[in-house]
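Asks: Just so it is clear, I am handing over my_file-v7.cif, which has mmCIF, C-alpha atoms and all ligand atoms.
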```cif
data_data
loop_
_atom_site.label_atom_id
_atom_site.label_comp_id
_atom_site.auth_asym_id
_atom_site.auth_seq_id
_atom_site.Cartn_x
_atom_site.Cartn_y
_atom_site.Cartn_z
CA MET A 30 -25.82 -5.05 -12.28
CA SER A 31 -26.67 -4.50 -8.62
CA ARG A 32 -25.70 -7.08 -6.02
CA ILE A 33 -28.35 -8.56 -3.72
CA LEU A 34 -27.48 -9.80 -0.22
CA VAL A 35 -29.72 -12.57 1.09
CA THR A 36 -29.73 -13.33 4.82
CA GLY A 37 -31.32 -16.49 6.24
CA ALA A 38 -29.94 -18.02 3.04
CA THR A 39 -29.92 -21.59 4.40
CA GLY A 40 -33.46 -21.37 5.79
CA ASN A 41 -36.90 -22.35 4.42
CA VAL A 42 -37.42 -19.17 2.43
CA GLY A 43 -33.90 -17.78 1.90
CA ARG A 44 -32.60 -20.97 0.25
CA HIS A 45 -35.26 -20.63 -2.49
CA VAL A 46 -34.61 -16.90 -2.84
CA VAL A 47 -30.89 -17.48 -3.35
CA THR A 48 -31.48 -20.33 -5.81
CA ARG A 49 -33.96 -18.37 -7.92
CA LEU A 50 -31.78 -15.27 -8.06
CA ALA A 51 -28.76 -17.37 -9.07
CA GLU A 52 -30.80 -19.19 -11.73
CA ALA A 53 -31.84 -15.81 -13.13
CA GLY A 54 -28.14 -14.95 -13.48
CA LEU A 55 -28.28 -12.15 -10.90
CA ARG A 56 -25.41 -11.21 -8.62
CA VAL A 57 -26.39 -12.80 -5.34
CA ARG A 58 -24.43 -12.98 -2.11
CA ALA A 59 -25.54 -15.19 0.77
CA LEU A 60 -24.88 -14.35 4.40
CA VAL A 61 -24.29 -17.53 6.39
CA ARG A 62 -22.81 -18.35 9.78
CA ASP A 63 -20.97 -21.44 8.55
CA PRO A 64 -19.99 -21.46 4.85
CA ALA A 65 -18.82 -25.10 5.09
CA ARG A 66 -22.38 -26.23 5.89
CA ALA A 67 -24.30 -23.84 3.63
CA ARG A 68 -24.65 -26.12 0.54
CA LEU A 69 -25.82 -23.30 -1.75
CA PRO A 70 -25.95 -23.45 -5.56
CA GLU A 71 -22.94 -22.65 -7.70
CA GLY A 72 -22.67 -19.02 -8.68
CA VAL A 73 -23.75 -17.84 -5.23
CA GLU A 74 -21.11 -15.88 -3.38
CA VAL A 75 -21.13 -17.07 0.23
CA VAL A 76 -19.94 -14.72 2.98
CA ARG A 77 -19.69 -15.42 6.69
CA GLY A 78 -21.51 -13.14 9.13
CA ASP A 79 -23.71 -13.20 12.20
CA LEU A 80 -26.71 -10.90 12.68
CA THR A 81 -26.23 -10.98 16.44
CA ALA A 82 -22.67 -9.63 15.97
CA PRO A 83 -23.03 -6.52 13.75
CA GLU A 84 -19.22 -6.08 13.67
CA THR A 85 -19.02 -9.24 11.47
CA LEU A 86 -21.30 -7.86 8.74
CA ALA A 87 -19.20 -5.27 6.88
CA PRO A 88 -17.69 -7.73 4.31
CA ALA A 89 -21.16 -9.06 3.45
CA LEU A 90 -22.52 -5.56 2.89
CA ASP A 91 -19.67 -4.28 0.73
CA ASP A 92 -20.98 -3.17 -2.70
CA VAL A 93 -24.53 -4.35 -1.99
CA GLU A 94 -27.55 -2.46 -3.30
CA ILE A 95 -30.46 -4.52 -2.00
CA VAL A 96 -30.81 -6.65 1.13
CA PHE A 97 -33.32 -9.46 1.73
CA LEU A 98 -33.47 -9.58 5.52
CA VAL A 99 -34.63 -12.58 7.55
CA TRP A 100 -34.46 -11.97 11.28
CA PRO A 101 -33.81 -15.25 13.11
CA GLY A 102 -35.03 -16.08 16.60
CA PHE A 103 -36.96 -13.75 18.80
CA ALA A 104 -34.59 -11.18 20.30
CA ALA A 105 -34.23 -7.88 18.47
CA LYS A 106 -31.25 -6.74 20.60
CA THR A 107 -28.89 -6.13 17.66
CA ALA A 108 -31.60 -5.11 15.20
CA GLN A 109 -31.00 -1.34 15.34
CA PRO A 110 -27.22 -1.53 14.71
CA VAL A 111 -27.81 -4.03 11.91
CA ILE A 112 -30.42 -1.80 10.25
CA ASP A 113 -28.08 1.20 10.63
CA LEU A 114 -25.30 -0.77 8.91
CA ILE A 115 -27.56 -1.86 6.08
CA ALA A 116 -28.73 1.73 5.60
CA ALA A 117 -25.09 2.88 5.44
CA HIS A 118 -24.35 0.47 2.56
CA ALA A 119 -27.53 -0.39 0.65
CA ARG A 120 -30.39 1.48 -0.98
CA ARG A 121 -33.28 -0.99 -0.63
CA ILE A 122 -34.42 -3.60 1.87
CA VAL A 123 -37.04 -6.35 1.61
CA TYR A 124 -37.83 -7.61 5.10
CA LEU A 125 -39.41 -11.00 5.81
CA SER A 126 -41.75 -9.91 8.58
CA ALA A 127 -44.92 -11.66 9.77
CA HIS A 128 -48.64 -10.98 9.82
CA VAL A 129 -48.45 -7.90 12.07
CA SER A 130 -50.10 -4.51 12.07
CA ASP A 131 -48.40 -1.13 11.56
CA THR A 132 -47.40 0.45 14.84
CA ASP A 133 -44.84 2.79 16.33
CA GLU A 134 -45.27 0.98 19.67
CA PRO A 135 -43.97 -2.47 18.82
CA VAL A 136 -44.99 -5.57 20.73
CA THR A 137 -43.34 -8.25 18.60
CA PHE A 138 -39.77 -8.30 17.30
CA HIS A 139 -41.12 -8.05 13.74
CA GLN A 140 -42.90 -4.81 14.64
CA GLU A 141 -39.68 -3.57 16.24
CA LEU A 142 -37.69 -4.39 13.10
CA GLU A 143 -40.34 -2.81 10.87
CA ARG A 144 -40.22 0.40 12.92
CA SER A 145 -36.42 0.59 12.69
CA ILE A 146 -36.58 -0.02 8.94
CA ARG A 147 -39.34 2.57 8.38
CA HIS A 148 -37.15 5.17 10.08
CA SER A 149 -33.89 4.07 8.38
CA GLY A 150 -34.09 6.07 5.17
CA LEU A 151 -33.94 2.81 3.16
CA ASN A 152 -36.46 2.12 0.42
CA TRP A 153 -38.36 -0.70 2.14
CA THR A 154 -40.86 -3.44 1.43
CA PHE A 155 -42.30 -5.74 4.10
CA LEU A 156 -43.44 -9.28 3.34
CA ARG A 157 -45.98 -10.27 5.98
CA PRO A 158 -46.81 -13.96 5.69
CA GLY A 159 -49.12 -15.84 8.02
CA GLY A 160 -48.24 -19.38 9.10
CA PHE A 161 -45.68 -21.33 7.06
CA ALA A 162 -46.73 -24.76 5.78
CA ALA A 163 -43.21 -25.79 6.79
CA ASN A 164 -44.24 -25.52 10.46
CA THR A 165 -46.04 -28.85 10.03
CA LEU A 166 -42.62 -30.51 9.62
CA GLY A 167 -42.63 -30.34 13.42
CA TRP A 168 -45.22 -33.14 13.33
CA ALA A 169 -43.05 -35.44 11.20
CA ASP A 170 -42.10 -37.83 14.04
CA GLN A 171 -45.71 -38.15 15.20
CA ILE A 172 -46.92 -38.63 11.62
CA ARG A 173 -44.49 -41.53 11.25
CA GLU A 174 -46.07 -43.01 14.40
CA GLY A 175 -49.60 -42.57 12.93
CA VAL A 176 -51.03 -40.15 15.55
CA VAL A 177 -50.54 -36.40 15.90
CA ARG A 178 -51.35 -35.30 19.45
CA TRP A 179 -51.42 -31.51 19.42
CA PRO A 180 -53.68 -28.75 20.76
CA TYR A 181 -56.47 -27.00 18.84
CA GLY A 182 -57.23 -29.40 15.97
CA ARG A 183 -59.98 -27.03 14.81
CA ALA A 184 -57.61 -24.06 14.45
CA SER A 185 -58.06 -22.99 10.84
CA ARG A 186 -55.05 -21.67 8.96
CA ALA A 187 -54.15 -20.45 5.48
CA LEU A 188 -50.63 -21.89 5.47
CA ILE A 189 -48.25 -20.64 2.80
CA HIS A 190 -45.66 -22.61 0.83
CA GLU A 191 -42.13 -21.27 1.39
CA ARG A 192 -41.65 -21.34 -2.41
CA ASP A 193 -44.43 -18.74 -2.75
CA ILE A 194 -42.85 -16.43 -0.19
CA ALA A 195 -39.54 -16.80 -2.03
CA ALA A 196 -41.17 -16.17 -5.42
CA VAL A 197 -42.78 -12.99 -4.08
CA ALA A 198 -39.45 -11.96 -2.54
CA VAL A 199 -37.63 -12.44 -5.86
CA HIS A 200 -40.36 -10.53 -7.71
CA VAL A 201 -40.07 -7.62 -5.27
CA LEU A 202 -36.25 -7.73 -5.24
CA THR A 203 -36.05 -7.62 -9.03
CA SER A 204 -38.79 -5.18 -9.99
CA ALA A 205 -39.61 -1.56 -9.21
CA GLY A 206 -42.64 -0.01 -7.54
CA HIS A 207 -42.70 -1.82 -4.20
CA GLY A 208 -41.28 0.95 -1.99
CA GLY A 209 -43.39 1.45 1.16
CA ALA A 210 -45.54 -1.63 0.50
CA ALA A 211 -46.42 -4.19 3.19
CA TYR A 212 -47.67 -7.36 1.50
CA ALA A 213 -49.89 -9.68 3.57
CA LEU A 214 -49.22 -13.18 2.20
CA SER A 215 -51.08 -16.45 2.70
CA GLY A 216 -51.85 -19.73 1.05
CA PRO A 217 -54.95 -19.97 -1.20
CA GLU A 218 -57.27 -21.82 1.23
CA ARG A 219 -57.90 -22.58 4.88
CA LEU A 220 -57.49 -25.96 6.50
CA THR A 221 -57.84 -26.87 10.15
CA GLN A 222 -54.79 -28.42 11.78
CA ALA A 223 -56.58 -31.80 11.82
CA GLU A 224 -57.28 -31.43 8.08
CA GLN A 225 -53.60 -30.60 7.41
CA VAL A 226 -52.60 -33.87 9.07
CA ALA A 227 -55.19 -35.75 6.99
CA VAL A 228 -53.78 -34.24 3.77
CA ILE A 229 -50.24 -35.24 4.72
CA GLY A 230 -51.52 -38.76 5.46
CA GLU A 231 -53.20 -38.95 2.03
CA VAL A 232 -50.04 -37.75 0.29
CA ILE A 233 -47.81 -40.30 2.00
CA GLY A 234 -50.47 -43.02 1.65
CA ARG A 235 -50.92 -43.73 5.36
CA GLU A 236 -53.72 -43.15 7.81
CA VAL A 237 -52.72 -40.55 10.39
CA ARG A 238 -55.05 -39.72 13.27
CA TRP A 239 -55.45 -36.37 15.02
CA GLU A 240 -55.78 -36.36 18.81
CA ASP A 241 -56.56 -33.07 20.55
CA GLN A 242 -54.04 -32.44 23.32
CA PRO A 243 -55.14 -30.33 26.32
CA PRO A 244 -53.45 -26.90 26.00
CA GLN A 245 -51.80 -27.09 29.46
CA GLU A 246 -50.18 -30.43 28.62
CA ALA A 247 -49.08 -29.02 25.25
CA ARG A 248 -47.60 -25.97 26.97
CA GLU A 249 -45.35 -28.13 29.14
CA ARG A 250 -44.17 -30.18 26.18
CA LEU A 251 -43.58 -27.13 23.96
CA LEU A 252 -41.72 -25.32 26.74
CA ALA A 253 -39.36 -28.27 27.01
CA ALA A 254 -38.89 -28.33 23.21
CA TRP A 255 -38.79 -24.59 22.37
CA GLY A 256 -37.56 -23.11 25.63
CA ASP A 257 -39.05 -19.64 25.17
CA ALA A 258 -42.22 -19.12 27.27
CA THR A 259 -43.27 -15.96 25.40
CA PHE A 260 -43.08 -17.81 22.09
CA VAL A 261 -44.93 -20.88 23.41
CA ASP A 262 -47.72 -18.81 24.96
CA GLY A 263 -47.96 -16.69 21.80
CA ALA A 264 -48.30 -19.82 19.63
CA LEU A 265 -50.96 -21.36 21.92
CA ALA A 266 -52.92 -18.09 22.02
CA ALA A 267 -52.76 -17.81 18.21
CA TRP A 268 -53.99 -21.40 17.63
CA SER A 269 -56.79 -20.84 20.14
CA THR A 270 -57.84 -17.69 18.27
CA PHE A 271 -57.79 -19.48 14.90
CA VAL A 272 -60.50 -21.88 16.15
CA ASP A 273 -63.14 -19.12 16.10
CA THR A 274 -61.40 -16.59 13.86
CA PRO A 275 -59.73 -18.45 11.00
CA GLU A 276 -56.50 -17.05 9.60
CA GLU A 277 -57.03 -14.57 6.76
CA VAL A 278 -56.69 -15.69 3.13
CA THR A 279 -55.17 -13.00 0.92
CA ASP A 280 -54.86 -12.83 -2.87
CA THR A 281 -51.50 -11.03 -2.76
CA VAL A 282 -49.46 -13.95 -4.13
CA GLU A 283 -51.74 -14.25 -7.16
CA LYS A 284 -51.84 -10.48 -7.69
CA LEU A 285 -48.05 -10.17 -7.61
CA LEU A 286 -47.11 -13.37 -9.44
CA GLY A 287 -50.05 -13.72 -11.86
CA ARG A 288 -50.73 -17.32 -10.76
CA PRO A 289 -52.57 -18.82 -7.80
CA ALA A 290 -50.73 -19.49 -4.56
CA LEU A 291 -49.64 -23.12 -4.07
CA THR A 292 -52.01 -25.31 -2.05
CA PHE A 293 -51.13 -27.15 1.16
CA ARG A 294 -51.45 -30.44 -0.77
CA GLN A 295 -48.81 -29.21 -3.23
CA TRP A 296 -46.59 -28.32 -0.29
CA ALA A 297 -47.11 -31.79 1.23
CA GLU A 298 -46.26 -33.42 -2.12
CA ASP A 299 -43.04 -31.38 -2.29
CA HIS A 300 -42.15 -32.57 1.23
CA GLU A 301 -43.39 -36.15 1.02
CA THR A 302 -39.97 -37.61 1.85
CA ASP A 303 -39.73 -35.50 5.02
CA PHE A 304 -42.66 -37.43 6.50
CA ARG A 305 -41.59 -40.95 5.50
N1 LIG B 1 -42.85 -20.10 10.69
C1 LIG B 1 -43.85 -19.27 10.50
O1 LIG B 1 -45.03 -19.64 10.51
C2 LIG B 1 -43.54 -17.82 10.25
C3 LIG B 1 -44.60 -16.96 9.93
C4 LIG B 1 -44.32 -15.62 9.66
C5 LIG B 1 -43.01 -15.16 9.74
N2 LIG B 1 -42.01 -16.03 10.05
C6 LIG B 1 -40.63 -15.50 10.15
O2 LIG B 1 -39.81 -16.09 9.17
C7 LIG B 1 -38.46 -16.04 9.64
C8 LIG B 1 -37.81 -17.39 9.49
O3 LIG B 1 -37.71 -17.70 8.12
P1 LIG B 1 -37.33 -19.16 7.63
O4 LIG B 1 -38.34 -20.14 8.16
O5 LIG B 1 -37.09 -19.08 6.18
O6 LIG B 1 -35.94 -19.39 8.37
P2 LIG B 1 -35.46 -20.73 9.08
O7 LIG B 1 -35.71 -21.90 8.18
O8 LIG B 1 -35.99 -20.73 10.47
O9 LIG B 1 -33.89 -20.49 9.12
C9 LIG B 1 -33.30 -19.44 9.85
C10 LIG B 1 -32.20 -18.83 9.02
O10 LIG B 1 -31.59 -17.79 9.76
C11 LIG B 1 -30.18 -18.03 9.81
N3 LIG B 1 -29.65 -17.56 11.08
C12 LIG B 1 -29.96 -18.03 12.32
N4 LIG B 1 -29.29 -17.32 13.26
C13 LIG B 1 -28.53 -16.42 12.58
C14 LIG B 1 -27.62 -15.41 12.99
N5 LIG B 1 -27.36 -15.20 14.29
N6 LIG B 1 -27.03 -14.65 12.04
C15 LIG B 1 -27.26 -14.87 10.71
N7 LIG B 1 -28.14 -15.79 10.27
C16 LIG B 1 -28.75 -16.56 11.20
C17 LIG B 1 -30.02 -19.52 9.65
O11 LIG B 1 -28.75 -19.75 9.11
P3 LIG B 1 -27.66 -20.75 9.69
O12 LIG B 1 -28.30 -21.47 10.86
O13 LIG B 1 -27.34 -21.65 8.53
O14 LIG B 1 -26.55 -19.87 10.06
C18 LIG B 1 -31.13 -19.82 8.62
O15 LIG B 1 -30.68 -19.53 7.33
C19 LIG B 1 -38.52 -15.59 11.11
O16 LIG B 1 -38.23 -14.23 11.21
C20 LIG B 1 -39.97 -15.87 11.46
O17 LIG B 1 -40.44 -15.06 12.53
C21 LIG B 1 -42.24 -17.34 10.29
#
```
Starting from the file, give its structure as C-alpha cells.
Ligand SMILES: NC(=O)c1ccc[n+]([C@@H]2O[C@H](COP(=O)([O-])OP(=O)(O)OC[C@H]3O[C@@H](n4cnc5c(N)ncnc54)[C@H](OP(=O)(O)O)[C@@H]3O)[C@@H](O)[C@H]2O)c1

Replies:
Amino acid sequence: MSRILVTGATGNVGRHVVTRLAEAGLRVRALVRDPARARLPEGVEVVRGDLTAPETLAPALDDVEIVFLVWPGFAAKTAQPVIDLIAAHARRIVYLSAHVSDTDEPVTFHQELERSIRHSGLNWTFLRPGGFAANTLGWADQIREGVVRWPYGRASRALIHERDIAAVAVHVLTSAGHGGAAYALSGPERLTQAEQVAVIGEVIGREVRWEDQPPQEARERLLAAWGDATFVDGALAAWSTFVDTPEEVTDTVEKLLGRPALTFRQWAEDHETDFR
C-alpha cells in the first residue's frame, strides 16, 4: 500500500485529510514542525520537517508515493527546491492552491507553486478553493462583543467548509484519473459578509450587528494584525470586487463527492463553540 505524506497536517484542511486517511486505514504520514504539539489521531506517523528548510524534509519523504502539499504563508522562496525534492521521491502531488488562473507568468505564490509543479514531472492535481468559511473565525472576538466592524459588508462570497476541501483531497488522493486536473472548489451558495455574520448570530442564538468599516481604517487595523501589506491590500481589493462581482459558485464538490457541498450554516454549527 502506498504511503501518503500530508503537509499542513495541523491546519484547517490538513487535519481533516490526515484524520480521514487514517480512518480509512491508509498509510499516512504527517509533516509537522513540532510533533509534541501536533495532536493527530493514532495511527498517523508524525515526522518533523519545515517547508522553509528543504534540508529537513528527506526523512518525511522517504518511501512516499503521494504528497498532499499545503504551502503556508506567502513567500515562495523555498518552493522550487521543495518541489524538486518531492519529485525526486514521490510520483503524485495534490496541491492545495487557491482560485487562480493558469499562467506561466505567476503573480501570486500559488501560481508560482503551480508552475513549478506543472514542470516537475510529477503527476499533479490542483485544488483551487475560493474563500474558506474558516476565515470568519477572525471575527470571533467581535461576534462575542455583538458587533462586527469590517469593510465591505455587501461582498458576496461562496465560502467553503474545510471538511469539503479535505473530502475532495482524500477522494483525489485515493482514486485514479485526476492527473492534470485543476478543480475550482466553492461552497454551495453565496452570502454577503453581513449575511455570514447574521447566520453565525442565529446559530449561537445571539443578535450580532454588522457595521461597515471604511476601507482605509480597516487597512490600518489589518496591517497591524497581519503585517504583510501585499496580503492586506490583496484582501481589501478582493472584498471590494466581490461587492459587484460575487464569488463564483462551482458544482465541483458535488460532482466529485456525489453529495452537495456543505452550507455556511452547517459550517457555523460545526464551529458554534468557537464563537461562544
Ligand atoms: N483562507 C482562505 O480563504 C484560502 C483560500 C484559498 C486557498 N487558501 C490556502 O490554503 C492554505 C492554508 O490552508 P489551511 O487553512 O488548511 O492551513 P492553516 O490552518 O493556515 O495552517 C497552516 C499549516 O501549515 C503548517 N506550516 C506553517 N508553516 C510551516 C512550515 N514552515 N513548514 C511546514 N509546515 C508549516 C502549519 O503547521 P504548524 O504550525 O503546526 O507547524 C499548519 O499545519 C494556504 O496556502 C492558503 O493560501 C486559503

Asks: Give me, as a PyMOL selection string, the set of residues whose atoms come within 7 Å of any atom of ligand LIG 1 (chain B), counting all atoms listed in the file.

Replies: chain A and resi 36-43+60-63+67+78-81+99-102+125-128+157-161+163-164

Asks: Grab the atom CA of A:Ala258 to atom CA of A:Thr270 distance for me, in Å with one decimal place.

Replies: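 If I compute the distance from atom CA of A:Ala258 to atom CA of A:Thr270, I get 18.1 Å.
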
Asks: Name all residues at most 9 Å from stretch 242-257 of chain A (count all atoms listed in the file; drop same-chain ones fewer than 2 positions away) and give them as number ranges by chain.

Replies: A: 103, 178-182, 240, 259-262, 265

Asks: Around all listed atoms of stretch 73-89 of chain A, padded 6 Å per side, what centre and edge lengths does the axis-aligned box have in Å to one decimal, as lines of an AutoDock Vina configuration file?

Replies:
```
center_x = -22.2
center_y = -11.6
center_z = 5.6
size_x = 21.0
size_y = 24.6
size_z = 33.7
```

Asks: Which neighbours of A:Gly216 fall inside 6 Å, counting all atoms listed in the file, when residues of the same chain fewer than 2 positions from it are skipped, and could you give them as a list in words?

Replies: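 My list of contacting residues is Ala187, Leu188, Ile189, Glu218 and Ala290 of chain A.
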
Asks: How many Å separate atom CA of A:Ala59 from atom CA of A:Ile122?

Replies: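 Separation of atom CA of A:Ala59 and atom CA of A:Ile122: 14.6 Å.
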
Asks: Select, from A:Ala198, A:Ala117, A:Ala104, A:Val278, the residue with the minimum atom-to-atom distance to A:Asp91, counting only C-alpha atoms.

Replies: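 Selected residue with least distance to A:Asp91: A:Ala117.
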
Asks: Some atoms are missing, so please complete stretch 105-120 of chain A with N, CA and C atoms and return it as a PDB file, in the coordinates of the input.

Replies:
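That gives us rebuild_27.pdb:
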```pdb
ATOM      1  N   ALA A 105     -34.539  -8.928  19.448  1.00  0.00           N
ATOM      2  CA  ALA A 105     -34.230  -7.880  18.470  1.00  0.00           C
ATOM      3  C   ALA A 105     -33.093  -6.997  18.994  1.00  0.00           C
ATOM      4  N   LYS A 106     -32.285  -7.545  19.934  1.00  0.00           N
ATOM      5  CA  LYS A 106     -31.250  -6.740  20.600  1.00  0.00           C
ATOM      6  C   LYS A 106     -30.311  -6.020  19.626  1.00  0.00           C
ATOM      7  N   THR A 107     -29.858  -6.745  18.590  1.00  0.00           N
ATOM      8  CA  THR A 107     -28.890  -6.130  17.660  1.00  0.00           C
ATOM      9  C   THR A 107     -29.565  -5.582  16.406  1.00  0.00           C
ATOM     10  N   ALA A 108     -30.909  -5.523  16.425  1.00  0.00           N
ATOM     11  CA  ALA A 108     -31.600  -5.110  15.200  1.00  0.00           C
ATOM     12  C   ALA A 108     -31.227  -3.694  14.772  1.00  0.00           C
ATOM     13  N   GLN A 109     -31.246  -2.737  15.732  1.00  0.00           N
ATOM     14  CA  GLN A 109     -31.000  -1.340  15.340  1.00  0.00           C
ATOM     15  C   GLN A 109     -29.603  -1.154  14.724  1.00  0.00           C
ATOM     16  N   PRO A 110     -28.527  -1.667  15.369  1.00  0.00           N
ATOM     17  CA  PRO A 110     -27.220  -1.530  14.710  1.00  0.00           C
ATOM     18  C   PRO A 110     -27.141  -2.223  13.359  1.00  0.00           C
ATOM     19  N   VAL A 111     -27.835  -3.338  13.205  1.00  0.00           N
ATOM     20  CA  VAL A 111     -27.810  -4.030  11.910  1.00  0.00           C
ATOM     21  C   VAL A 111     -28.536  -3.190  10.853  1.00  0.00           C
ATOM     22  N   ILE A 112     -29.684  -2.639  11.207  1.00  0.00           N
ATOM     23  CA  ILE A 112     -30.420  -1.800  10.250  1.00  0.00           C
ATOM     24  C   ILE A 112     -29.583  -0.559   9.899  1.00  0.00           C
ATOM     25  N   ASP A 113     -28.931   0.024  10.897  1.00  0.00           N
ATOM     26  CA  ASP A 113     -28.080   1.200  10.630  1.00  0.00           C
ATOM     27  C   ASP A 113     -26.985   0.842   9.631  1.00  0.00           C
ATOM     28  N   LEU A 114     -26.364  -0.319   9.829  1.00  0.00           N
ATOM     29  CA  LEU A 114     -25.300  -0.770   8.910  1.00  0.00           C
ATOM     30  C   LEU A 114     -25.824  -0.963   7.499  1.00  0.00           C
ATOM     31  N   ILE A 115     -26.976  -1.624   7.415  1.00  0.00           N
ATOM     32  CA  ILE A 115     -27.560  -1.860   6.080  1.00  0.00           C
ATOM     33  C   ILE A 115     -27.834  -0.518   5.401  1.00  0.00           C
ATOM     34  N   ALA A 116     -28.395   0.419   6.177  1.00  0.00           N
ATOM     35  CA  ALA A 116     -28.730   1.730   5.600  1.00  0.00           C
ATOM     36  C   ALA A 116     -27.466   2.481   5.147  1.00  0.00           C
ATOM     37  N   ALA A 117     -26.335   2.204   5.811  1.00  0.00           N
ATOM     38  CA  ALA A 117     -25.090   2.880   5.440  1.00  0.00           C
ATOM     39  C   ALA A 117     -24.518   2.316   4.127  1.00  0.00           C
ATOM     40  N   HIS A 118     -24.913   1.106   3.763  1.00  0.00           N
ATOM     41  CA  HIS A 118     -24.350   0.470   2.560  1.00  0.00           C
ATOM     42  C   HIS A 118     -25.340   0.362   1.404  1.00  0.00           C
ATOM     43  N   ALA A 119     -26.590  -0.023   1.721  1.00  0.00           N
ATOM     44  CA  ALA A 119     -27.530  -0.390   0.650  1.00  0.00           C
ATOM     45  C   ALA A 119     -28.562   0.714   0.422  1.00  0.00           C
ATOM     46  N   ARG A 120     -29.366   0.497  -0.613  1.00  0.00           N
ATOM     47  CA  ARG A 120     -30.390   1.480  -0.980  1.00  0.00           C
ATOM     48  C   ARG A 120     -31.789   0.942  -0.648  1.00  0.00           C
TER      49      ARG A 120
END
```
